[in-house]
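structure_20.cif follows (mmCIF, C-alpha atoms):
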data_upload
#
loop_
_atom_site.label_atom_id
_atom_site.label_comp_id
_atom_site.auth_asym_id
_atom_site.auth_seq_id
_atom_site.Cartn_x
_atom_site.Cartn_y
_atom_site.Cartn_z
CA MET A 1 199.70 72.76 -8.22
CA SER A 2 201.86 70.08 -9.87
CA VAL A 3 204.58 70.80 -12.41
CA ASP A 4 202.30 69.47 -15.18
CA GLU A 5 199.41 71.62 -14.03
CA GLU A 6 201.67 74.69 -13.99
CA ALA A 7 202.78 73.87 -17.53
CA VAL A 8 199.18 73.49 -18.72
CA ARG A 9 198.21 76.75 -17.04
CA ALA A 10 201.07 78.44 -18.88
CA ALA A 11 199.89 76.90 -22.17
CA ASN A 12 196.35 78.10 -21.49
CA ARG A 13 197.58 81.64 -20.87
CA ALA A 14 199.77 81.50 -23.98
CA PHE A 15 196.65 80.63 -25.95
CA TYR A 16 194.89 83.78 -24.71
CA ARG A 17 197.96 85.96 -25.32
CA ALA A 18 198.04 84.60 -28.89
CA PHE A 19 194.33 85.38 -29.20
CA GLU A 20 194.90 88.97 -28.02
CA SER A 21 197.82 89.36 -30.43
CA LEU A 22 195.48 88.72 -33.39
CA ASP A 23 198.59 87.18 -35.00
CA LEU A 24 197.87 83.96 -36.88
CA THR A 25 201.48 82.79 -36.65
CA ARG A 26 201.40 83.03 -32.86
CA MET A 27 198.06 81.25 -32.75
CA ALA A 28 199.38 78.48 -35.01
CA GLU A 29 202.27 77.93 -32.56
CA VAL A 30 200.06 77.30 -29.54
CA TRP A 31 197.91 74.74 -31.37
CA ALA A 32 198.90 71.10 -31.77
CA ASP A 33 200.98 69.91 -34.68
CA HIS A 34 198.85 66.81 -35.01
CA ASP A 35 195.18 66.02 -35.45
CA PRO A 36 192.69 65.36 -33.99
CA GLN A 37 192.07 68.97 -33.07
CA SER A 38 188.93 71.06 -33.22
CA CYS A 39 187.32 74.31 -32.26
CA ILE A 40 183.77 75.35 -31.38
CA HIS A 41 183.40 79.11 -31.37
CA PRO A 42 180.46 80.84 -29.67
CA ASP A 43 178.50 80.83 -32.92
CA GLY A 44 178.21 77.08 -32.36
CA SER A 45 179.93 75.83 -35.48
CA LEU A 46 182.57 73.10 -35.35
CA ALA A 47 185.91 73.27 -37.15
CA ALA A 48 187.81 69.97 -37.19
CA GLY A 49 191.44 69.49 -38.19
CA ARG A 50 194.37 71.90 -38.01
CA GLU A 51 193.71 73.60 -41.35
CA ALA A 52 190.03 74.24 -40.60
CA VAL A 53 190.78 75.38 -37.05
CA LEU A 54 193.39 77.89 -38.18
CA GLY A 55 191.00 79.07 -40.88
CA THR A 56 188.52 80.12 -38.19
CA TRP A 57 191.23 82.14 -36.42
CA ARG A 58 192.18 83.78 -39.71
CA THR A 59 188.56 84.92 -40.11
CA ILE A 60 188.24 86.10 -36.51
CA PHE A 61 191.52 88.01 -36.62
CA ALA A 62 190.60 89.65 -39.94
CA ASN A 63 187.39 90.95 -38.37
CA THR A 64 188.62 91.95 -34.92
CA PRO A 65 190.31 95.33 -34.40
CA GLN A 66 191.24 94.62 -30.79
CA MET A 67 190.72 91.91 -28.19
CA SER A 68 191.50 91.87 -24.50
CA PHE A 69 190.80 89.06 -22.06
CA GLU A 70 190.94 88.55 -18.37
CA VAL A 71 191.07 84.80 -17.78
CA GLN A 72 189.41 83.81 -14.52
CA ALA A 73 188.74 80.71 -12.45
CA GLU A 74 190.93 78.25 -14.29
CA ARG A 75 190.26 74.64 -13.33
CA ILE A 76 192.90 72.22 -14.55
CA GLU A 77 193.23 68.43 -14.62
CA VAL A 78 196.11 66.53 -16.18
CA SER A 79 196.48 62.79 -16.86
CA GLY A 80 199.08 61.22 -19.10
CA ASP A 81 199.46 63.39 -22.17
CA LEU A 82 196.05 65.06 -21.99
CA ALA A 83 194.75 67.91 -19.89
CA TRP A 84 191.49 69.83 -19.73
CA VAL A 85 190.94 73.34 -18.51
CA VAL A 86 187.72 75.18 -17.80
CA CYS A 87 187.91 78.94 -17.45
CA THR A 88 185.95 82.13 -17.83
CA GLU A 89 187.06 84.68 -20.42
CA VAL A 90 186.02 88.20 -19.45
CA LEU A 91 186.14 90.34 -22.59
CA ARG A 92 187.20 93.97 -22.44
CA ALA A 93 186.95 96.52 -25.18
CA SER A 94 190.26 98.14 -24.35
CA SER A 95 193.62 96.57 -23.62
CA SER A 96 194.05 99.02 -20.75
CA GLY A 97 191.08 97.54 -18.94
CA GLY A 98 187.69 99.19 -18.88
CA ALA A 99 184.30 97.74 -18.16
CA PRO A 100 183.69 94.08 -18.99
CA GLU A 101 181.76 93.70 -22.25
CA GLY A 102 180.62 90.18 -21.58
CA ALA A 103 182.01 86.81 -20.76
CA VAL A 104 182.62 83.47 -22.38
CA GLN A 105 182.82 80.08 -20.70
CA ALA A 106 185.57 78.02 -22.26
CA THR A 107 186.71 74.44 -22.24
CA ASN A 108 190.25 73.98 -23.54
CA VAL A 109 191.89 70.59 -24.08
CA PHE A 110 195.67 70.25 -24.30
CA ARG A 111 197.94 67.47 -25.53
CA ARG A 112 201.60 67.04 -24.57
CA GLU A 113 203.49 67.00 -27.88
CA ALA A 114 207.20 67.11 -28.71
CA LYS A 115 207.19 70.91 -28.28
CA GLY A 116 205.21 70.87 -25.03
CA TRP A 117 201.54 71.29 -24.15
CA LYS A 118 199.49 72.36 -27.17
CA VAL A 119 195.82 73.21 -27.65
CA VAL A 120 193.86 70.40 -29.30
CA HIS A 121 190.35 71.70 -28.62
CA HIS A 122 188.75 75.02 -27.75
CA HIS A 123 185.03 75.26 -27.00
CA ALA A 124 183.68 78.68 -26.12
CA SER A 125 180.11 79.73 -25.44
CA PRO A 126 178.82 83.12 -24.40
CA PHE A 127 177.12 84.01 -21.21
CA PHE A 128 176.56 87.30 -19.53
CA LEU A 129 177.91 88.44 -16.21
CA ALA A 130 175.39 88.33 -13.39
CA GLU A 131 175.54 92.06 -12.83
CA PRO A 132 176.93 93.72 -15.92
CA PRO A 133 177.75 97.39 -15.52
CA SER A 134 175.84 98.09 -18.72
CA PRO A 135 173.47 96.09 -20.92
CA PRO A 136 175.47 93.13 -22.25
CA ARG A 137 176.40 93.23 -25.88
CA ALA A 138 178.68 91.25 -28.15
CA ALA A 139 182.29 92.35 -28.35
CA LYS A 140 182.80 94.34 -31.51
CA GLY A 141 184.10 92.49 -34.51
CA PHE A 142 184.22 89.19 -32.70
CA LEU A 143 182.77 86.20 -34.54
CA HIS A 144 181.01 85.23 -31.35
CA MET B 1 189.15 52.17 -33.02
CA SER B 2 191.13 51.03 -29.94
CA VAL B 3 189.61 49.19 -26.99
CA ASP B 4 189.87 52.38 -24.93
CA GLU B 5 188.19 54.45 -27.63
CA GLU B 6 185.37 51.90 -27.84
CA ALA B 7 184.93 52.09 -24.08
CA VAL B 8 184.82 55.89 -24.17
CA ARG B 9 182.31 55.83 -27.01
CA ALA B 10 180.13 53.51 -24.93
CA ALA B 11 180.44 55.88 -21.96
CA ASN B 12 179.47 58.81 -24.18
CA ARG B 13 176.40 56.97 -25.42
CA ALA B 14 175.49 55.94 -21.87
CA PHE B 15 175.56 59.61 -20.93
CA TYR B 16 173.00 60.44 -23.63
CA ARG B 17 170.81 57.47 -22.73
CA ALA B 18 170.85 58.72 -19.11
CA PHE B 19 169.93 62.19 -20.40
CA GLU B 20 166.99 60.79 -22.38
CA SER B 21 165.85 58.76 -19.38
CA LEU B 22 165.38 61.98 -17.35
CA ASP B 23 166.33 59.80 -14.37
CA LEU B 24 168.68 61.51 -11.94
CA THR B 25 169.91 58.20 -10.52
CA ARG B 26 171.02 57.04 -13.96
CA MET B 27 172.66 60.38 -14.65
CA ALA B 28 174.50 60.23 -11.31
CA GLU B 29 175.92 56.82 -12.30
CA VAL B 30 177.52 58.01 -15.54
CA TRP B 31 179.25 60.96 -13.84
CA ALA B 32 182.53 60.64 -11.99
CA ASP B 33 182.68 59.78 -8.32
CA HIS B 34 185.45 62.30 -7.79
CA ASP B 35 185.96 65.99 -8.40
CA PRO B 36 187.03 67.95 -10.34
CA GLN B 37 183.95 67.76 -12.52
CA SER B 38 181.90 70.46 -14.14
CA CYS B 39 179.15 71.22 -16.59
CA ILE B 40 178.42 74.13 -18.92
CA HIS B 41 174.88 73.97 -20.26
CA PRO B 42 173.79 75.96 -23.32
CA ASP B 43 172.65 78.84 -21.13
CA GLY B 44 176.36 79.41 -20.53
CA SER B 45 176.49 78.98 -16.79
CA LEU B 46 179.14 76.83 -15.12
CA ALA B 47 178.40 74.26 -12.42
CA ALA B 48 181.51 72.92 -10.68
CA GLY B 49 181.68 69.91 -8.40
CA ARG B 50 179.54 66.78 -8.30
CA GLU B 51 176.79 68.23 -6.12
CA ALA B 52 176.38 71.35 -8.26
CA VAL B 53 176.55 69.37 -11.51
CA LEU B 54 173.85 66.93 -10.41
CA GLY B 55 171.78 69.89 -9.23
CA THR B 56 171.68 71.21 -12.80
CA TRP B 57 170.44 67.85 -14.06
CA ARG B 58 167.78 67.76 -11.36
CA THR B 59 166.51 71.14 -12.62
CA ILE B 60 166.65 70.12 -16.29
CA PHE B 61 164.86 66.83 -15.67
CA ALA B 62 162.17 68.54 -13.58
CA ASN B 63 161.43 70.88 -16.50
CA THR B 64 161.71 68.49 -19.45
CA PRO B 65 158.75 66.30 -20.38
CA GLN B 66 160.68 64.35 -23.03
CA MET B 67 164.10 64.37 -24.63
CA SER B 68 165.44 62.46 -27.59
CA PHE B 69 168.90 62.71 -29.09
CA GLU B 70 170.65 61.49 -32.14
CA VAL B 71 174.38 61.68 -31.41
CA GLN B 72 176.41 62.32 -34.54
CA ALA B 73 180.02 62.71 -35.63
CA GLU B 74 181.73 61.57 -32.45
CA ARG B 75 185.45 62.38 -32.37
CA ILE B 76 187.34 60.63 -29.60
CA GLU B 77 190.87 60.86 -28.23
CA VAL B 78 192.18 58.89 -25.25
CA SER B 79 195.45 59.29 -23.35
CA GLY B 80 196.18 57.78 -19.97
CA ASP B 81 193.10 58.09 -17.82
CA LEU B 82 191.53 61.01 -19.68
CA ALA B 83 189.56 61.18 -22.90
CA TRP B 84 187.76 63.94 -24.76
CA VAL B 85 184.87 63.58 -27.15
CA VAL B 86 183.34 66.13 -29.49
CA CYS B 87 179.94 65.32 -30.93
CA THR B 88 176.77 66.86 -32.29
CA GLU B 89 173.51 66.30 -30.44
CA VAL B 90 170.53 66.50 -32.78
CA LEU B 91 167.44 67.09 -30.66
CA ARG B 92 164.11 65.58 -31.59
CA ALA B 93 160.76 66.33 -30.04
CA SER B 94 159.59 62.75 -30.15
CA SER B 95 161.38 59.58 -29.14
CA SER B 96 160.08 57.93 -32.31
CA GLY B 97 162.04 60.33 -34.46
CA GLY B 98 160.45 63.28 -36.18
CA ALA B 99 162.00 66.42 -37.56
CA PRO B 100 165.15 67.75 -35.89
CA GLU B 101 164.35 70.65 -33.57
CA GLY B 102 167.84 71.98 -33.42
CA ALA B 103 171.33 70.84 -32.57
CA VAL B 104 173.90 71.25 -29.86
CA GLN B 105 177.66 70.99 -30.19
CA ALA B 106 179.09 69.18 -27.20
CA THR B 107 182.49 68.59 -25.68
CA ASN B 108 182.53 65.75 -23.16
CA VAL B 109 185.56 64.84 -21.04
CA PHE B 110 185.85 61.41 -19.43
CA ARG B 111 188.08 60.05 -16.67
CA ARG B 112 188.88 56.38 -16.09
CA GLU B 113 187.83 55.65 -12.52
CA ALA B 114 187.50 52.42 -10.54
CA LYS B 115 184.08 51.77 -12.13
CA GLY B 116 185.20 52.61 -15.67
CA TRP B 117 185.04 55.72 -17.85
CA LYS B 118 182.96 58.44 -16.24
CA VAL B 119 181.92 61.93 -17.36
CA VAL B 120 183.95 64.66 -15.68
CA HIS B 121 182.91 67.57 -17.91
CA HIS B 122 180.07 68.36 -20.30
CA HIS B 123 180.04 71.56 -22.32
CA ALA B 124 177.12 72.10 -24.66
CA SER B 125 176.31 75.09 -26.82
CA PRO B 126 173.47 75.52 -29.28
CA PHE B 127 173.73 75.97 -32.98
CA PHE B 128 171.22 75.52 -35.72
CA LEU B 129 171.32 73.03 -38.54
CA ALA B 130 172.42 74.48 -41.86
CA GLU B 131 169.15 73.61 -43.55
CA PRO B 132 166.51 73.13 -40.89
CA PRO B 133 163.22 71.69 -42.13
CA SER B 134 161.40 74.41 -40.21
CA PRO B 135 162.44 77.61 -38.44
CA PRO B 136 164.76 76.60 -35.61
CA ARG B 137 163.38 76.90 -32.13
CA ALA B 138 164.49 75.79 -28.71
CA ALA B 139 163.44 72.31 -27.62
CA LYS B 140 160.48 72.56 -25.29
CA GLY B 141 161.21 72.52 -21.61
CA PHE B 142 164.96 72.30 -22.06
CA LEU B 143 167.06 74.66 -19.93
CA HIS B 144 169.05 75.49 -23.05
#

Write the structure described by the file as structure tokens, please.
Amino acid sequence: MSVDEEAVRAANRAFYRAFESLDLTRMAEVWADHDPQSCIHPDGSLAAGREAVLGTWRTIFANTPQMSFEVQAERIEVSGDLAWVVCTEVLRASSSGGAPEGAVQATNVFRREAKGWKVVHHHASPFFLAEPPSPPRAAKGFLH
Amino acid sequence: MSVDEEAVRAANRAFYRAFESLDLTRMAEVWADHDPQSCIHPDGSLAAGREAVLGTWRTIFANTPQMSFEVQAERIEVSGDLAWVVCTEVLRASSSGGAPEGAVQATNVFRREAKGWKVVHHHASPFFLAEPPSPPRAAKGFLH
């Protein structure tokens, strides 16, 4: 893995740690300073522009008591100042682990800005694990 | 719009024309020659690698009698040899137009290869128009 790919992987993980923190300030730090940027949450709606994107996180965080991810199967490509990552987000109800509650396929796009690699696009859509340990259901309180 | 952005927009439109054609040879031409490449259809599953990606199109085309898109609100960013596009696919039952049957939010990633800009990633997830003219339903025969 190249130095750039390592840096993008770190940025991708920072995004999910910010998501788990449910802290809007942390989430604002991992997103780009500049537009264009956008977000498609699993409900299918599009938010475009930094203000609208952060508004969706404000709503999600206000309605989510807890969130825990295991990020799997990251695929990363970097060229110039753009990178794209595809990964699977396995959602867990408890931060200490527990049975998977479902999974989300995500595409994340990153741009190299003055402060490093930042998220410019997040597209997440739900799918269910092939053999869930219990009937799949939506994670509690999650906009998805 | 820069020359590169124009070229990426043309590649994005060529992808949707290939989709409407239901012709696997045309679809194979708009996708990259090289991996990594991947596809997340609205059912949420991930296909990774050229062979797997084209396999999903073979299945979709075999089960779709007709497909017509209106591609709206393209947002394009290019850097180096990568570009990302976000757009809305409005699905119509008839190629001559007709009422929208539903809509899909898509993220498409392109790579500049020897033969020009090629699709390396397609992520599509369904959502329904804010004011559908009739109750939303899935487009007939579409894997989504």

> Expanded to explicit residues, what is the PyMOL selection byres ((chain A) within 12 of (chain B)) for this file, as a ChimeraX atom specification?
Replying inline: /A:35-49,73-89,102-112,120-130,144

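Compared by their closest atoms to Leu91 of chain A, and using all atoms listed in the file, the residues A:Glu20, A:Glu29, A:Asp4, A:Glu113 rank with A:Glu20 nearest.
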
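For the pair atom CA of Glu70 of chain B and atom CA of Phe19 of chain B, the interatomic distance is 11.8 Å.
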
> Interatomic distance between atom CA of Arg92 of chain B and atom CA of Ser68 of chain B?
Replying inline: 5.2 Å

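Taking atom CA of Glu6 of chain A as the reference point, atom CA of Trp31 of chain B is found at 26.3 Å.
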
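For the set A:Val71, A:Met1, A:Leu54, A:Ala62, the residue with the smallest atom-to-atom gap to Arg17 of chain A is A:Val71, counting all atoms listed in the file.
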
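Proximity ranking of B:Ala32, B:Val8, B:Val3, B:Met27 relative to Lys115 of chain B places B:Ala32 first, based on only C-alpha atoms.
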
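Using the PyMOL selection byres ((chain A and resi 58) around 12) on the file at hand returns these residues: Phe19, Leu22, Asp23, Leu24, Thr25, Arg26, Met27, Ala28, Glu51, Ala52, Val53, Leu54, Gly55, Thr56, Trp57, Thr59, Ile60, Phe61, Ala62, Asn63, Thr64, Phe142 and Leu143 of chain A.
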
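Distances here use all atoms listed in the file; by that measure, the residue among A:Ser2, A:Val90, A:His34, A:Arg13 closest to Ala114 of chain A is A:His34.
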
If I only have part of segment 13-24 of chain B, can you fill in all heavy atoms and write it as a PDB file, keeping the file's coordinate frame?
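Written output follows (selection_33.pdb):
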ATOM      1  N   ARG B  13     177.782  57.338 -25.080  1.00  0.00           N
ATOM      2  CA  ARG B  13     176.400  56.970 -25.420  1.00  0.00           C
ATOM      3  C   ARG B  13     175.561  56.725 -24.160  1.00  0.00           C
ATOM      4  O   ARG B  13     174.381  57.075 -24.110  1.00  0.00           O
ATOM      5  CB  ARG B  13     176.404  55.789 -26.371  1.00  0.00           C
ATOM      6  CG  ARG B  13     177.019  56.236 -27.699  1.00  0.00           C
ATOM      7  CD  ARG B  13     177.011  55.192 -28.766  1.00  0.00           C
ATOM      8  NE  ARG B  13     177.571  55.780 -29.993  1.00  0.00           N
ATOM      9  CZ  ARG B  13     177.673  55.159 -31.151  1.00  0.00           C
ATOM     10  NH1 ARG B  13     177.249  53.903 -31.276  1.00  0.00           N
ATOM     11  NH2 ARG B  13     178.189  55.769 -32.198  1.00  0.00           N
ATOM     12  N   ALA B  14     176.208  56.151 -23.137  1.00  0.00           N
ATOM     13  CA  ALA B  14     175.490  55.940 -21.870  1.00  0.00           C
ATOM     14  C   ALA B  14     175.070  57.268 -21.252  1.00  0.00           C
ATOM     15  O   ALA B  14     173.996  57.376 -20.645  1.00  0.00           O
ATOM     16  CB  ALA B  14     176.366  55.154 -20.893  1.00  0.00           C
ATOM     17  N   PHE B  15     175.912  58.270 -21.427  1.00  0.00           N
ATOM     18  CA  PHE B  15     175.560  59.610 -20.930  1.00  0.00           C
ATOM     19  C   PHE B  15     174.285  60.104 -21.611  1.00  0.00           C
ATOM     20  O   PHE B  15     173.352  60.602 -20.956  1.00  0.00           O
ATOM     21  CB  PHE B  15     176.734  60.571 -21.177  1.00  0.00           C
ATOM     22  CG  PHE B  15     176.391  62.024 -21.038  1.00  0.00           C
ATOM     23  CD1 PHE B  15     176.078  62.580 -19.800  1.00  0.00           C
ATOM     24  CD2 PHE B  15     176.366  62.856 -22.155  1.00  0.00           C
ATOM     25  CE1 PHE B  15     175.759  63.919 -19.675  1.00  0.00           C
ATOM     26  CE2 PHE B  15     176.056  64.200 -22.035  1.00  0.00           C
ATOM     27  CZ  PHE B  15     175.737  64.735 -20.800  1.00  0.00           C
ATOM     28  N   TYR B  16     174.197  59.948 -22.933  1.00  0.00           N
ATOM     29  CA  TYR B  16     173.000  60.440 -23.630  1.00  0.00           C
ATOM     30  C   TYR B  16     171.765  59.584 -23.344  1.00  0.00           C
ATOM     31  O   TYR B  16     170.647  60.104 -23.291  1.00  0.00           O
ATOM     32  CB  TYR B  16     173.278  60.583 -25.136  1.00  0.00           C
ATOM     33  CG  TYR B  16     174.171  61.773 -25.382  1.00  0.00           C
ATOM     34  CD1 TYR B  16     175.522  61.624 -25.694  1.00  0.00           C
ATOM     35  CD2 TYR B  16     173.686  63.065 -25.201  1.00  0.00           C
ATOM     36  CE1 TYR B  16     176.354  62.726 -25.851  1.00  0.00           C
ATOM     37  CE2 TYR B  16     174.497  64.172 -25.351  1.00  0.00           C
ATOM     38  CZ  TYR B  16     175.832  63.999 -25.682  1.00  0.00           C
ATOM     39  OH  TYR B  16     176.641  65.096 -25.808  1.00  0.00           O
ATOM     40  N   ARG B  17     171.965  58.288 -23.104  1.00  0.00           N
ATOM     41  CA  ARG B  17     170.810  57.470 -22.730  1.00  0.00           C
ATOM     42  C   ARG B  17     170.304  57.900 -21.355  1.00  0.00           C
ATOM     43  O   ARG B  17     169.094  57.939 -21.103  1.00  0.00           O
ATOM     44  CB  ARG B  17     171.179  55.978 -22.730  1.00  0.00           C
ATOM     45  CG  ARG B  17     171.552  55.386 -24.088  1.00  0.00           C
ATOM     46  CD  ARG B  17     170.457  55.446 -25.142  1.00  0.00           C
ATOM     47  NE  ARG B  17     170.397  56.719 -25.862  1.00  0.00           N
ATOM     48  CZ  ARG B  17     171.222  57.093 -26.847  1.00  0.00           C
ATOM     49  NH1 ARG B  17     172.194  56.290 -27.231  1.00  0.00           N
ATOM     50  NH2 ARG B  17     171.085  58.266 -27.452  1.00  0.00           N
ATOM     51  N   ALA B  18     171.247  58.239 -20.450  1.00  0.00           N
ATOM     52  CA  ALA B  18     170.850  58.720 -19.110  1.00  0.00           C
ATOM     53  C   ALA B  18     170.109  60.052 -19.243  1.00  0.00           C
ATOM     54  O   ALA B  18     169.118  60.299 -18.545  1.00  0.00           O
ATOM     55  CB  ALA B  18     172.073  58.863 -18.219  1.00  0.00           C
ATOM     56  N   PHE B  19     170.583  60.893 -20.161  1.00  0.00           N
ATOM     57  CA  PHE B  19     169.930  62.190 -20.400  1.00  0.00           C
ATOM     58  C   PHE B  19     168.499  61.945 -20.882  1.00  0.00           C
ATOM     59  O   PHE B  19     167.533  62.511 -20.348  1.00  0.00           O
ATOM     60  CB  PHE B  19     170.746  62.955 -21.443  1.00  0.00           C
ATOM     61  CG  PHE B  19     170.523  64.449 -21.492  1.00  0.00           C
ATOM     62  CD1 PHE B  19     171.506  65.277 -22.032  1.00  0.00           C
ATOM     63  CD2 PHE B  19     169.355  65.030 -21.037  1.00  0.00           C
ATOM     64  CE1 PHE B  19     171.326  66.659 -22.090  1.00  0.00           C
ATOM     65  CE2 PHE B  19     169.164  66.414 -21.107  1.00  0.00           C
ATOM     66  CZ  PHE B  19     170.143  67.224 -21.638  1.00  0.00           C
ATOM     67  N   GLU B  20     168.343  61.068 -21.851  1.00  0.00           N
ATOM     68  CA  GLU B  20     166.990  60.790 -22.380  1.00  0.00           C
ATOM     69  C   GLU B  20     166.077  60.182 -21.318  1.00  0.00           C
ATOM     70  O   GLU B  20     164.865  60.376 -21.360  1.00  0.00           O
ATOM     71  CB  GLU B  20     167.079  59.825 -23.563  1.00  0.00           C
ATOM     72  CG  GLU B  20     167.640  60.459 -24.828  1.00  0.00           C
ATOM     73  CD  GLU B  20     167.805  59.446 -25.948  1.00  0.00           C
ATOM     74  OE1 GLU B  20     168.161  58.279 -25.649  1.00  0.00           O
ATOM     75  OE2 GLU B  20     167.576  59.820 -27.121  1.00  0.00           O
ATOM     76  N   SER B  21     166.666  59.432 -20.400  1.00  0.00           N
ATOM     77  CA  SER B  21     165.850  58.760 -19.380  1.00  0.00           C
ATOM     78  C   SER B  21     165.225  59.767 -18.401  1.00  0.00           C
ATOM     79  O   SER B  21     164.225  59.464 -17.742  1.00  0.00           O
ATOM     80  CB  SER B  21     166.695  57.764 -18.585  1.00  0.00           C
ATOM     81  OG  SER B  21     167.486  58.432 -17.596  1.00  0.00           O
ATOM     82  N   LEU B  22     165.831  60.955 -18.305  1.00  0.00           N
ATOM     83  CA  LEU B  22     165.380  61.980 -17.350  1.00  0.00           C
ATOM     84  C   LEU B  22     165.352  61.427 -15.932  1.00  0.00           C
ATOM     85  O   LEU B  22     164.525  61.840 -15.103  1.00  0.00           O
ATOM     86  CB  LEU B  22     164.002  62.543 -17.759  1.00  0.00           C
ATOM     87  CG  LEU B  22     163.885  63.087 -19.196  1.00  0.00           C
ATOM     88  CD1 LEU B  22     162.454  63.572 -19.467  1.00  0.00           C
ATOM     89  CD2 LEU B  22     164.880  64.207 -19.476  1.00  0.00           C
ATOM     90  N   ASP B  23     166.258  60.496 -15.661  1.00  0.00           N
ATOM     91  CA  ASP B  23     166.330  59.800 -14.370  1.00  0.00           C
ATOM     92  C   ASP B  23     167.632  60.223 -13.699  1.00  0.00           C
ATOM     93  O   ASP B  23     168.724  59.888 -14.162  1.00  0.00           O
ATOM     94  CB  ASP B  23     166.303  58.285 -14.652  1.00  0.00           C
ATOM     95  CG  ASP B  23     166.426  57.447 -13.383  1.00  0.00           C
ATOM     96  OD1 ASP B  23     166.951  57.939 -12.373  1.00  0.00           O
ATOM     97  OD2 ASP B  23     166.031  56.265 -13.439  1.00  0.00           O
ATOM     98  N   LEU B  24     167.504  60.943 -12.597  1.00  0.00           N
ATOM     99  CA  LEU B  24     168.680  61.510 -11.940  1.00  0.00           C
ATOM    100  C   LEU B  24     169.626  60.419 -11.423  1.00  0.00           C
ATOM    101  O   LEU B  24     170.846  60.597 -11.430  1.00  0.00           O
ATOM    102  CB  LEU B  24     168.251  62.430 -10.789  1.00  0.00           C
ATOM    103  CG  LEU B  24     169.361  63.313 -10.206  1.00  0.00           C
ATOM    104  CD1 LEU B  24     169.919  64.275 -11.257  1.00  0.00           C
ATOM    105  CD2 LEU B  24     168.858  64.088  -8.992  1.00  0.00           C
TER     106      LEU B  24
END
